[in-house]
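Data file: my_file-v3.txt. Format and content: compact mmCIF, C-alpha atoms.
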```
# COMPACT_ATOMS: atom_id res chain seq x y z
CA MET A 1 -20.62 122.33 19.14
CA GLU A 2 -23.51 122.76 21.57
CA LYS A 3 -26.96 121.43 20.75
CA HIS A 4 -28.51 124.88 20.31
CA GLU A 5 -25.75 125.72 17.84
CA GLU A 6 -26.44 122.52 15.90
CA VAL A 7 -30.14 123.44 15.69
CA LEU A 8 -29.27 126.93 14.44
CA VAL A 9 -26.87 125.49 11.85
CA SER A 10 -29.61 123.14 10.61
CA LEU A 11 -32.07 126.03 10.37
CA ARG A 12 -29.51 128.06 8.43
CA GLN A 13 -28.98 125.10 6.06
CA ILE A 14 -32.73 124.95 5.44
CA ILE A 15 -32.87 128.69 4.74
CA ARG A 16 -29.89 128.36 2.40
CA ALA A 17 -31.50 125.45 0.50
CA ILE A 18 -34.65 127.52 0.01
CA ASP A 19 -32.58 130.51 -1.15
CA LEU A 20 -30.61 128.43 -3.68
CA HIS A 21 -33.79 126.84 -5.05
CA SER A 22 -35.45 130.25 -5.31
CA LYS A 23 -32.50 131.57 -7.35
CA LYS A 24 -32.59 128.48 -9.59
CA LEU A 25 -36.30 129.00 -10.11
CA SER A 26 -35.81 132.62 -11.10
CA ARG A 27 -32.86 131.80 -13.36
CA GLU A 28 -34.59 128.93 -15.17
CA SER A 29 -38.12 130.33 -15.48
CA GLY A 30 -37.75 134.08 -14.98
CA LEU A 31 -40.45 133.90 -12.31
CA THR A 32 -40.56 134.28 -8.57
CA GLY A 33 -41.90 131.59 -6.27
CA PRO A 34 -45.13 133.50 -5.54
CA GLN A 35 -45.72 134.03 -9.28
CA LEU A 36 -45.36 130.30 -9.93
CA ILE A 37 -47.61 129.51 -6.99
CA LEU A 38 -50.37 131.67 -8.45
CA MET A 39 -49.90 130.27 -11.94
CA ARG A 40 -50.08 126.69 -10.66
CA SER A 41 -53.22 127.56 -8.71
CA ILE A 42 -54.84 129.08 -11.79
CA ARG A 43 -54.00 125.92 -13.73
CA ASP A 44 -55.22 123.59 -10.98
CA LEU A 45 -58.41 125.46 -10.09
CA GLY A 46 -59.53 126.32 -13.62
CA GLU A 47 -61.80 129.35 -13.91
CA VAL A 48 -60.86 131.14 -10.72
CA THR A 49 -61.48 134.51 -9.09
CA ILE A 50 -58.87 136.55 -7.25
CA ARG A 51 -60.64 135.78 -3.97
CA GLN A 52 -60.43 132.04 -4.64
CA LEU A 53 -56.75 132.37 -5.58
CA SER A 54 -56.10 134.35 -2.43
CA ASN A 55 -57.76 131.73 -0.25
CA HIS A 56 -56.06 128.81 -2.04
CA THR A 57 -52.56 130.31 -1.73
CA ASN A 58 -52.91 132.03 1.66
CA MET A 59 -52.04 135.37 0.06
CA SER A 60 -53.94 138.57 0.66
CA GLN A 61 -56.17 139.66 -2.22
CA ALA A 62 -54.00 142.76 -2.64
CA THR A 63 -50.87 140.63 -2.98
CA ALA A 64 -52.54 138.24 -5.43
CA THR A 65 -53.74 141.23 -7.48
CA THR A 66 -50.26 142.77 -7.57
CA ILE A 67 -48.72 139.49 -8.71
CA LEU A 68 -51.47 138.99 -11.30
CA ASP A 69 -50.78 142.51 -12.62
CA ARG A 70 -47.15 141.54 -13.23
CA LEU A 71 -48.10 138.20 -14.82
CA GLU A 72 -50.66 139.91 -17.05
CA LYS A 73 -48.10 142.53 -18.09
CA ASN A 74 -45.78 139.67 -19.12
CA GLU A 75 -48.64 138.06 -21.09
CA LEU A 76 -48.67 134.93 -18.91
CA VAL A 77 -52.16 135.47 -17.50
CA ILE A 78 -55.31 137.18 -18.70
CA ARG A 79 -58.26 138.34 -16.65
CA VAL A 80 -61.74 137.99 -18.07
CA ARG A 81 -64.94 139.42 -16.62
CA SER A 82 -67.54 136.73 -15.98
CA SER A 83 -70.40 136.68 -18.46
CA LYS A 84 -72.73 135.34 -15.73
CA ASP A 85 -71.78 137.77 -12.96
CA LYS A 86 -70.17 141.02 -14.12
CA ARG A 87 -68.80 141.63 -10.61
CA LYS A 88 -66.46 138.63 -10.93
CA VAL A 89 -63.19 138.55 -12.82
CA HIS A 90 -61.57 135.20 -13.62
CA ALA A 91 -57.87 134.61 -14.18
CA HIS A 92 -56.72 132.30 -16.99
CA LEU A 93 -53.28 131.22 -18.14
CA THR A 94 -52.30 132.25 -21.65
CA GLU A 95 -50.65 129.74 -23.97
CA LYS A 96 -47.34 131.43 -23.17
CA GLY A 97 -48.10 131.02 -19.45
CA LYS A 98 -49.02 127.35 -19.86
CA THR A 99 -45.79 126.64 -21.75
CA LEU A 100 -43.66 128.47 -19.19
CA LEU A 101 -45.37 126.62 -16.35
CA GLU A 102 -44.82 123.22 -18.00
CA ASN A 103 -41.09 123.93 -18.25
CA ALA A 104 -40.65 125.52 -14.81
CA PRO A 105 -38.77 123.59 -12.11
CA LEU A 106 -40.87 121.79 -9.51
CA PRO A 107 -41.26 123.54 -6.16
CA LEU A 108 -38.74 122.55 -3.51
CA GLN A 109 -41.49 121.10 -1.35
CA HIS A 110 -42.22 118.32 -3.89
CA SER A 111 -39.04 116.51 -2.88
CA PHE A 112 -39.69 117.21 0.79
CA ILE A 113 -43.28 115.93 0.66
CA SER A 114 -42.23 112.73 -1.06
CA LYS A 115 -39.56 111.99 1.54
CA PHE A 116 -41.77 113.09 4.45
CA GLN A 117 -44.60 110.79 3.38
CA GLN A 118 -42.21 107.83 3.35
CA LEU A 119 -41.61 108.29 7.09
CA GLU A 120 -43.54 106.33 9.68
CA GLU A 121 -46.56 108.14 11.15
CA TRP A 122 -44.86 108.55 14.56
CA GLU A 123 -41.80 110.14 12.93
CA GLN A 124 -43.94 112.55 10.93
CA SER A 125 -45.70 113.61 14.15
CA LEU A 126 -42.39 113.99 15.98
CA LEU A 127 -40.96 116.21 13.24
CA LEU A 128 -44.14 118.28 13.09
CA SER A 129 -44.22 118.92 16.82
CA SER A 130 -40.49 119.76 16.86
CA VAL A 131 -40.75 122.26 14.04
CA GLN A 132 -43.88 123.81 15.56
CA ARG A 133 -42.01 124.19 18.85
CA ILE A 134 -39.11 125.91 17.06
CA SER A 135 -41.58 128.24 15.34
CA SER A 136 -43.08 129.09 18.72
CA MET A 137 -39.64 129.66 20.28
CA MET A 138 -38.88 132.12 17.49
CA ASN A 139 -42.19 133.93 18.08
CA ALA A 140 -43.21 133.03 14.54
CA GLU A 141 -46.33 130.95 15.15
CA ASP A 142 -48.68 133.86 14.33
CA ILE A 143 -47.00 134.74 11.04
CA GLU A 144 -49.31 133.72 8.18
CA VAL A 145 -47.55 131.92 5.35
CA ALA A 146 -48.46 129.56 2.55
CA PRO A 147 -47.32 125.94 2.80
CA VAL A 148 -44.60 126.44 0.19
CA LEU A 149 -40.85 126.62 0.44
CA GLU A 150 -39.82 129.83 -1.29
CA LEU A 151 -37.62 132.58 0.05
CA GLY A 152 -38.93 136.03 0.73
CA SER A 153 -42.22 137.44 1.83
CA ILE A 154 -45.17 136.20 -0.10
CA THR A 155 -47.00 139.39 0.96
CA LYS A 156 -44.55 141.95 -0.37
CA ALA A 157 -45.37 143.66 -3.63
CA GLU A 158 -43.82 142.10 -6.72
```

As C-alpha cells, what does this structure read like?
Amino acid sequence: MEKHEEVLVSLRQIIRAIDLHSKKLSRESGLTGPQLILMRSIRDLGEVTIRQLSNHTNMSQATATTILDRLEKNELVIRVRSSKDKRKVHAHLTEKGKTLLENAPLPLQHSFISKFQQLEEWEQSLLLSSVQRISSMMNAEDIEVAPVLELGSITKAE
C-alpha cells in the first residue's frame, strides 16, 4: 500500500471511530453529541446566556437556540429570564437533565486528551503540525468547528 493510501485509511479509521462513538452516545443517552456539548456547558458555566453558550461551544447562536429548543421540549433544560436584566435569558439544567448528563458516556475526546497529554512535548507538536497540514491539504482549515469529536455538522438544525 502506498503512503497516501495509508494516510487515507487512517483518516477513515478516525472517522469510523467517531461515528461508532456517536451511535453509542445516542443509543445510551438518547442525545446527540451537540446536545450533550450544550448540556455540559450549561452545567460547567452555571447561569449562562445563549450568547455565552454559543461562544463557549463554537456554535452559532441560531444553532445553540435550535438545540436548546429541543432540550427544553424534552424537559432537560429550562430557560429563565434574568431578574436583573430582562433582555437576558439564562439556560439551566432540569433535574432530569442533570441525571441524564451524569449517566451519559464521556465524550470520545476524553480518552484522546489523556493519551495525547502523556506524549512528549515534541511529539504533541509534531502531531499537531501534521494534522493541521492534512486539514490544509483537504481545504478544511477555514471550516469552523468545536474542539469535540462527534460526527455530523454541529451547525445543522437538530

Can you tell me, as a CSV table (one decimal) with C-alpha atoms, in the frame of the given file, which residues sit within 12 Å of (-60.9, 131.5, -7.9) in the file's frame, using only C-alpha atoms?
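See point.csv below for the written result:
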```csv
chain,number,residue,atom,x,y,z
A,38,LEU,CA,-50.4,131.7,-8.4
A,39,MET,CA,-49.9,130.3,-11.9
A,41,SER,CA,-53.2,127.6,-8.7
A,42,ILE,CA,-54.8,129.1,-11.8
A,43,ARG,CA,-54.0,125.9,-13.7
A,44,ASP,CA,-55.2,123.6,-11.0
A,45,LEU,CA,-58.4,125.5,-10.1
A,46,GLY,CA,-59.5,126.3,-13.6
A,47,GLU,CA,-61.8,129.4,-13.9
A,48,VAL,CA,-60.9,131.1,-10.7
A,49,THR,CA,-61.5,134.5,-9.1
A,50,ILE,CA,-58.9,136.6,-7.2
A,51,ARG,CA,-60.6,135.8,-4.0
A,52,GLN,CA,-60.4,132.0,-4.6
A,53,LEU,CA,-56.8,132.4,-5.6
A,54,SER,CA,-56.1,134.4,-2.4
A,55,ASN,CA,-57.8,131.7,-0.2
A,56,HIS,CA,-56.1,128.8,-2.0
A,57,THR,CA,-52.6,130.3,-1.7
A,61,GLN,CA,-56.2,139.7,-2.2
A,64,ALA,CA,-52.5,138.2,-5.4
A,79,ARG,CA,-58.3,138.3,-16.6
A,82,SER,CA,-67.5,136.7,-16.0
A,88,LYS,CA,-66.5,138.6,-10.9
A,89,VAL,CA,-63.2,138.6,-12.8
A,90,HIS,CA,-61.6,135.2,-13.6
A,91,ALA,CA,-57.9,134.6,-14.2
A,92,HIS,CA,-56.7,132.3,-17.0
```

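Nearest to Gln35 (chain A) of all the residues A:Lys23, A:His4, A:Arg16, A:Arg70 is A:Arg70, based on only C-alpha atoms.
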
Would you mind listing what lies within 10 Å of Leu108 (chain A) as a short mmCIF file (atom, residue, chain, number, x, y, z; two decimals) with C-alpha atoms, in the frame of the given file, with only C-alpha atoms counted and same-chain residues fewer than 2 positions away left out?
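Saved as around.cif:
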```
data_model
loop_
_atom_site.label_atom_id
_atom_site.label_comp_id
_atom_site.auth_asym_id
_atom_site.auth_seq_id
_atom_site.Cartn_x
_atom_site.Cartn_y
_atom_site.Cartn_z
CA ALA A 17 -31.50 125.45 0.50
CA ILE A 18 -34.65 127.52 0.01
CA HIS A 21 -33.79 126.84 -5.05
CA SER A 22 -35.45 130.25 -5.31
CA LEU A 25 -36.30 129.00 -10.11
CA GLY A 33 -41.90 131.59 -6.27
CA PRO A 105 -38.77 123.59 -12.11
CA LEU A 106 -40.87 121.79 -9.51
CA HIS A 110 -42.22 118.32 -3.89
CA SER A 111 -39.04 116.51 -2.88
CA PHE A 112 -39.69 117.21 0.79
CA ILE A 113 -43.28 115.93 0.66
CA VAL A 148 -44.60 126.44 0.19
CA LEU A 149 -40.85 126.62 0.44
CA GLU A 150 -39.82 129.83 -1.29
#
```

Q.
Considering only C-alpha atoms, can you say which of A:Thr66, A:Asn139, A:Gln124, A:Ser29 comes closest to Thr99 (chain A)?
A.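 Closest residue, counting only C-alpha atoms: A:Ser29.
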
Q. So what do you get for CA of Val131 (chain A) versus CA of Val7 (chain A), distance-wise?
A. 10.8 Å

Please output region 25-53 of chain A, rebuilt to include N, CA and C atoms, as a short mmCIF file (atom, residue, chain, number, x, y, z; two decimals), in the frame of the given file.
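Writing the result to rebuild-v6.cif gives the following:
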```
data_model
loop_
_atom_site.label_atom_id
_atom_site.label_comp_id
_atom_site.auth_asym_id
_atom_site.auth_seq_id
_atom_site.Cartn_x
_atom_site.Cartn_y
_atom_site.Cartn_z
N LEU A 25 -34.97 128.79 -9.56
CA LEU A 25 -36.30 129.00 -10.11
C LEU A 25 -36.35 130.28 -10.95
N SER A 26 -35.82 131.34 -10.40
CA SER A 26 -35.81 132.62 -11.10
C SER A 26 -34.94 132.56 -12.35
N ARG A 27 -33.79 131.91 -12.24
CA ARG A 27 -32.86 131.80 -13.36
C ARG A 27 -33.45 130.96 -14.50
N GLU A 28 -34.10 129.85 -14.15
CA GLU A 28 -34.59 128.93 -15.17
C GLU A 28 -35.94 129.34 -15.76
N SER A 29 -36.78 130.00 -14.98
CA SER A 29 -38.12 130.33 -15.48
C SER A 29 -38.36 131.83 -15.62
N GLY A 30 -37.53 132.64 -14.95
CA GLY A 30 -37.75 134.08 -14.98
C GLY A 30 -38.88 134.52 -14.05
N LEU A 31 -39.34 133.60 -13.22
CA LEU A 31 -40.45 133.90 -12.31
C LEU A 31 -40.03 133.76 -10.86
N THR A 32 -40.77 134.44 -10.00
CA THR A 32 -40.56 134.28 -8.57
C THR A 32 -41.41 133.12 -8.07
N GLY A 33 -41.11 132.65 -6.88
CA GLY A 33 -41.90 131.59 -6.27
C GLY A 33 -43.38 131.95 -6.18
N PRO A 34 -43.71 133.13 -5.63
CA PRO A 34 -45.13 133.50 -5.54
C PRO A 34 -45.83 133.57 -6.91
N GLN A 35 -45.12 134.00 -7.94
CA GLN A 35 -45.72 134.03 -9.28
C GLN A 35 -46.05 132.62 -9.74
N LEU A 36 -45.11 131.70 -9.54
CA LEU A 36 -45.36 130.30 -9.93
C LEU A 36 -46.48 129.68 -9.10
N ILE A 37 -46.54 130.02 -7.84
CA ILE A 37 -47.61 129.51 -6.99
C ILE A 37 -48.97 129.92 -7.54
N LEU A 38 -49.10 131.20 -7.90
CA LEU A 38 -50.37 131.67 -8.45
C LEU A 38 -50.67 131.01 -9.78
N MET A 39 -49.67 130.90 -10.64
CA MET A 39 -49.90 130.27 -11.94
C MET A 39 -50.32 128.82 -11.79
N ARG A 40 -49.69 128.09 -10.88
CA ARG A 40 -50.08 126.69 -10.66
C ARG A 40 -51.50 126.61 -10.11
N SER A 41 -51.86 127.54 -9.26
CA SER A 41 -53.22 127.56 -8.71
C SER A 41 -54.25 127.85 -9.79
N ILE A 42 -53.93 128.77 -10.68
CA ILE A 42 -54.84 129.08 -11.79
C ILE A 42 -55.03 127.83 -12.64
N ARG A 43 -53.93 127.15 -12.94
CA ARG A 43 -54.00 125.92 -13.73
C ARG A 43 -54.83 124.85 -13.01
N ASP A 44 -54.57 124.66 -11.72
CA ASP A 44 -55.22 123.59 -10.98
C ASP A 44 -56.69 123.87 -10.69
N LEU A 45 -57.04 125.12 -10.46
CA LEU A 45 -58.41 125.46 -10.09
C LEU A 45 -59.31 125.75 -11.28
N GLY A 46 -58.72 125.99 -12.45
CA GLY A 46 -59.53 126.32 -13.62
C GLY A 46 -60.00 127.76 -13.56
N GLU A 47 -61.25 127.98 -13.94
CA GLU A 47 -61.80 129.35 -13.91
C GLU A 47 -61.86 129.80 -12.46
N VAL A 48 -61.07 130.79 -12.12
CA VAL A 48 -60.86 131.14 -10.72
C VAL A 48 -60.88 132.66 -10.53
N THR A 49 -61.47 133.09 -9.42
CA THR A 49 -61.48 134.51 -9.09
C THR A 49 -60.26 134.84 -8.23
N ILE A 50 -59.99 136.12 -8.08
CA ILE A 50 -58.87 136.55 -7.25
C ILE A 50 -59.11 136.13 -5.80
N ARG A 51 -60.33 136.21 -5.34
CA ARG A 51 -60.64 135.78 -3.97
C ARG A 51 -60.33 134.30 -3.78
N GLN A 52 -60.72 133.47 -4.74
CA GLN A 52 -60.43 132.04 -4.64
C GLN A 52 -58.92 131.78 -4.68
N LEU A 53 -58.21 132.50 -5.53
CA LEU A 53 -56.75 132.37 -5.58
C LEU A 53 -56.13 132.76 -4.25
#
```
